[in-house]
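**Q** My questions will all concern the structure given below.
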Amino acid sequence: MATERDYYAILGVQRTSSDAEIKRAYRKLAQQWHPDVSQEPAAAERFKEVNEAYQVLSDPQRRQTYDMFGRAGLGDIGSDFGSGFASGFGGFGDIFDAFFGGATTGRRGRPLAGSDLRYDLRITFEEAVKGTTKEIEFPVLVRCETCAGSGAKPGTSPITCPQCGGRGEVQSVRQTMLGQMINVTTCPRCRGEGRIIEEPCETCRGDGRVEKKRKLEVTIPPGIDEGHQIRLSNEGEVGPRGGPAGSLYVAVHVTPHPSLRREGTELIYDADISVAQAALGTRITVPTVDGDEEMEIKPGTQPGTEVRLRGRGVPHLRRSGSRGDLHVFVNVVVPTRLNRRQRELLEELAAEGKESVSTNGSSIREKIRDALA
Ligand SMILES: [Zn+2]
Ligand SMILES: [Zn+2]
């Protein structure tokens, strides 16, 4: 578990480091791992870890307790505080306000990133197993060619926001019982971009982007399954006024096979055979993704017997060359309706084995049918 790591190691400082060194290390890491800033998937977890470590090591008394007894000495307080902390703090500004009196503002005016898009793509069972390429077409916001994405009328350019001086955020100071509180919020004038447009481009009305249809070839790797998503970075919407593009997520939906079931890389087929076939043996046809295949059922096969066709399953998505198996489960079907001849034969079979059976078990319906035959 990540939270079991040593607090000094998390902050990359020595046990002898001064308070100032710990604070410096924390600031650097908090900036690096802030979920609003870092694109790493583990960012939120690392951010939480860094906060937890700093909470303890920045408090002389708790640091001493930790030095002597480790995490156990801190009891529940240490972990509870750590876990509640990251969620309790919202934006980048908040955290620096809390610890450094708002001296650092993390966010500078910057263009907003474009939205991610989702495209739902349906493919067949066989395509999911073998892989395929699909052409997709979708509307997307792309950079406006008239203004090259700036949103400003050609010949003009955006100006620095006069309200925030280009920082993209504004500070307000409040007096509270605990002293001065500095609150940092996104600039309402430029909405955090730091620049404003005085004369908007006529094509895009100052947005810097226009809607267009885009065609793409999407490669579906063999082994993909229902619910998987393929991420195509930079194929989402571009951001307004020169902002970076989001991603396109292709959500894959797989049409079920009429007779095969899939569990990861394994395929399952339930083969129904009769009592006579189970006892005497037979050949059956098994559907596979490579076409029908003949399979032998040995005489005396029991219900529930599994026969495996090795390497006839689904390829591993990440291990090329390796493929699962096709599992055939034999289901022996006991007849529920018998004509007179079938009944006689089964009664003879029972007599041969000296088995006691119900001889007058024929249903009324069967009696009527036999009488009419
Ligand atoms: Zn434009
Ligand atoms: Zn502004």
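Letters for chains follow the order of the structure tokens (A, B, ...), residue numbers begin at 1 for each chain, and ligand numbers begin at 1 in the order shown.
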Report as a ChimeraX atom specification which protein, DNA and RNA residues come within 12 Å of ligand 2, using only C-alpha atoms and all ligand atoms.
**A** /A:108-111,159-171,185-197
**Q** Contacts between ligand 1 and chain A, please, where a residue of chain A counts if it comes within 9 Å (with only C-alpha atoms and all ligand atoms); show its shortest atom pair and distance in Å to one decimal, rows by chain and ascending number, as CSV.
**A**
```
residue,atom,partner,partner_atom_place_in_ligand_line,distance
A:Arg143,CA,ligand 1,1 (Zn),7.8
A:Cys144,CA,ligand 1,1 (Zn),4.6
A:Glu145,CA,ligand 1,1 (Zn),6.3
A:Thr146,CA,ligand 1,1 (Zn),4.9
A:Cys147,CA,ligand 1,1 (Zn),4.2
A:Ala148,CA,ligand 1,1 (Zn),6.6
A:Gly149,CA,ligand 1,1 (Zn),5.8
A:Ser150,CA,ligand 1,1 (Zn),6.7
A:Gly151,CA,ligand 1,1 (Zn),4.7
A:Ala152,CA,ligand 1,1 (Zn),6.6
A:Lys153,CA,ligand 1,1 (Zn),7.0
A:Pro154,CA,ligand 1,1 (Zn),8.3
A:Pro200,CA,ligand 1,1 (Zn),7.5
A:Cys201,CA,ligand 1,1 (Zn),4.5
A:Glu202,CA,ligand 1,1 (Zn),6.4
A:Thr203,CA,ligand 1,1 (Zn),5.0
A:Cys204,CA,ligand 1,1 (Zn),4.2
A:Arg205,CA,ligand 1,1 (Zn),6.5
A:Gly206,CA,ligand 1,1 (Zn),5.9
A:Asp207,CA,ligand 1,1 (Zn),6.6
A:Gly208,CA,ligand 1,1 (Zn),4.6
A:Arg209,CA,ligand 1,1 (Zn),6.1
A:Val210,CA,ligand 1,1 (Zn),7.6
A:Arg241,CA,ligand 1,1 (Zn),8.4
```
**Q** Need the shell around Val328 in chain A: protein/DNA/RNA residues with any atom at most 12 Å away, counting only C-alpha atoms. Skip same-chain ones fewer than 6 positions apart. Format as a ChimeraX atom specification?
**A** /A:259-261,266-273,284-288,293-297,303-310,312-313
**Q** Which of these, A:Leu372, A:Asp325, A:Ser157, A:Val140, has the shortest distance to Glu199 in chain A once you count only C-alpha atoms?
**A**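 Closest residue, counting only C-alpha atoms: A:Ser157.
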**Q** Using the chain letters and numbers from this document, which residues of range 261-348 of chain A does DSSP assign to helix (DSSP H, G or I), as a PyMOL selection string?
**A** chain A and resi 275-280+340-348
**Q** Just the selected residues (N, CA, C and O atoms), exported as a CSV table (one decimal), in the first residue's frame, please.
**A**
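What follows is the written file again-v8.csv:
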```
chain,number,residue,atom,x,y,z
A,275,VAL,N,-29.0,-38.6,-24.8
A,275,VAL,CA,-28.6,-39.7,-23.9
A,275,VAL,C,-27.9,-40.8,-24.7
A,275,VAL,O,-26.8,-41.3,-24.4
A,276,ALA,N,-28.5,-41.1,-25.9
A,276,ALA,CA,-27.9,-42.2,-26.8
A,276,ALA,C,-26.5,-41.7,-27.3
A,276,ALA,O,-25.5,-42.5,-27.3
A,277,GLN,N,-26.4,-40.4,-27.7
A,277,GLN,CA,-25.1,-39.9,-28.2
A,277,GLN,C,-24.0,-39.9,-27.1
A,277,GLN,O,-22.9,-40.3,-27.4
A,278,ALA,N,-24.5,-39.6,-25.9
A,278,ALA,CA,-23.5,-39.6,-24.8
A,278,ALA,C,-23.0,-41.0,-24.5
A,278,ALA,O,-21.8,-41.3,-24.3
A,279,ALA,N,-23.9,-42.0,-24.6
A,279,ALA,CA,-23.6,-43.4,-24.3
A,279,ALA,C,-22.7,-44.0,-25.4
A,279,ALA,O,-21.8,-44.7,-25.2
A,280,LEU,N,-23.1,-43.7,-26.7
A,280,LEU,CA,-22.5,-44.4,-27.8
A,280,LEU,C,-21.4,-43.6,-28.5
A,280,LEU,O,-20.6,-44.2,-29.2
A,340,ARG,N,-44.4,-43.7,-28.3
A,340,ARG,CA,-44.6,-45.0,-27.8
A,340,ARG,C,-43.4,-45.9,-28.0
A,340,ARG,O,-42.9,-46.6,-27.1
A,341,ARG,N,-42.8,-45.8,-29.2
A,341,ARG,CA,-41.6,-46.6,-29.6
A,341,ARG,C,-40.4,-46.3,-28.7
A,341,ARG,O,-39.7,-47.1,-28.2
A,342,GLN,N,-40.2,-45.0,-28.5
A,342,GLN,CA,-39.1,-44.5,-27.7
A,342,GLN,C,-39.3,-45.0,-26.2
A,342,GLN,O,-38.4,-45.5,-25.6
A,343,ARG,N,-40.6,-44.9,-25.8
A,343,ARG,CA,-40.8,-45.4,-24.4
A,343,ARG,C,-40.5,-46.9,-24.3
A,343,ARG,O,-39.9,-47.3,-23.3
A,344,GLU,N,-41.0,-47.7,-25.3
A,344,GLU,CA,-40.7,-49.1,-25.3
A,344,GLU,C,-39.2,-49.4,-25.2
A,344,GLU,O,-38.8,-50.3,-24.4
A,345,LEU,N,-38.5,-48.7,-26.0
A,345,LEU,CA,-37.0,-49.0,-26.1
A,345,LEU,C,-36.4,-48.6,-24.8
A,345,LEU,O,-35.5,-49.4,-24.3
A,346,LEU,N,-36.8,-47.5,-24.2
A,346,LEU,CA,-36.2,-47.1,-22.9
A,346,LEU,C,-36.6,-48.1,-21.8
A,346,LEU,O,-35.8,-48.4,-20.9
A,347,GLU,N,-37.9,-48.6,-21.9
A,347,GLU,CA,-38.3,-49.6,-20.9
A,347,GLU,C,-37.5,-50.9,-21.0
A,347,GLU,O,-37.1,-51.5,-20.0
A,348,GLU,N,-37.2,-51.2,-22.3
A,348,GLU,CA,-36.4,-52.4,-22.5
A,348,GLU,C,-35.0,-52.2,-22.0
A,348,GLU,O,-34.4,-53.1,-21.4
```
**Q** Among the residues of range 260-351 of chain A, find those DSSP assigns to strand (DSSP E or B) from the backbone and print them as JSON, numbers by chain.
**A** {"A": [261, 262, 263, 266, 267, 268, 269, 270, 271, 272, 273, 274, 282, 283, 284, 285, 286, 287, 288, 291, 292, 293, 294, 295, 296, 297, 306, 307, 308, 309, 315, 323, 326, 327, 328, 329, 330, 331, 332, 333]}
**Q** Between CA of Ala245 in chain A and CA of Leu117 in chain A, what distance in Å does the model show, to one decimal?
**A**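 Pair CA of Ala245 in chain A / CA of Leu117 in chain A returns 10.3 Å.
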**Q** Using Å and a single decimal, report how far CA of Val50 in chain A sits from CA of Arg174 in chain A.
**A**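 Those two atoms sit 28.7 Å apart.
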**Q** Enter the distance from CA of Arg323 in chain A to CA of Tyr119 in chain A, in Å, rounded to one decimal.
**A**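 Computed distance, CA of Arg323 in chain A to CA of Tyr119 in chain A, equals 28.2 Å.
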**Q** Restricting the calculation to only C-alpha atoms: of A:Leu317, A:Thr133, A:Leu338, A:Asp116, which residue gets closest to Glu235 in chain A?
**A** A:Asp116
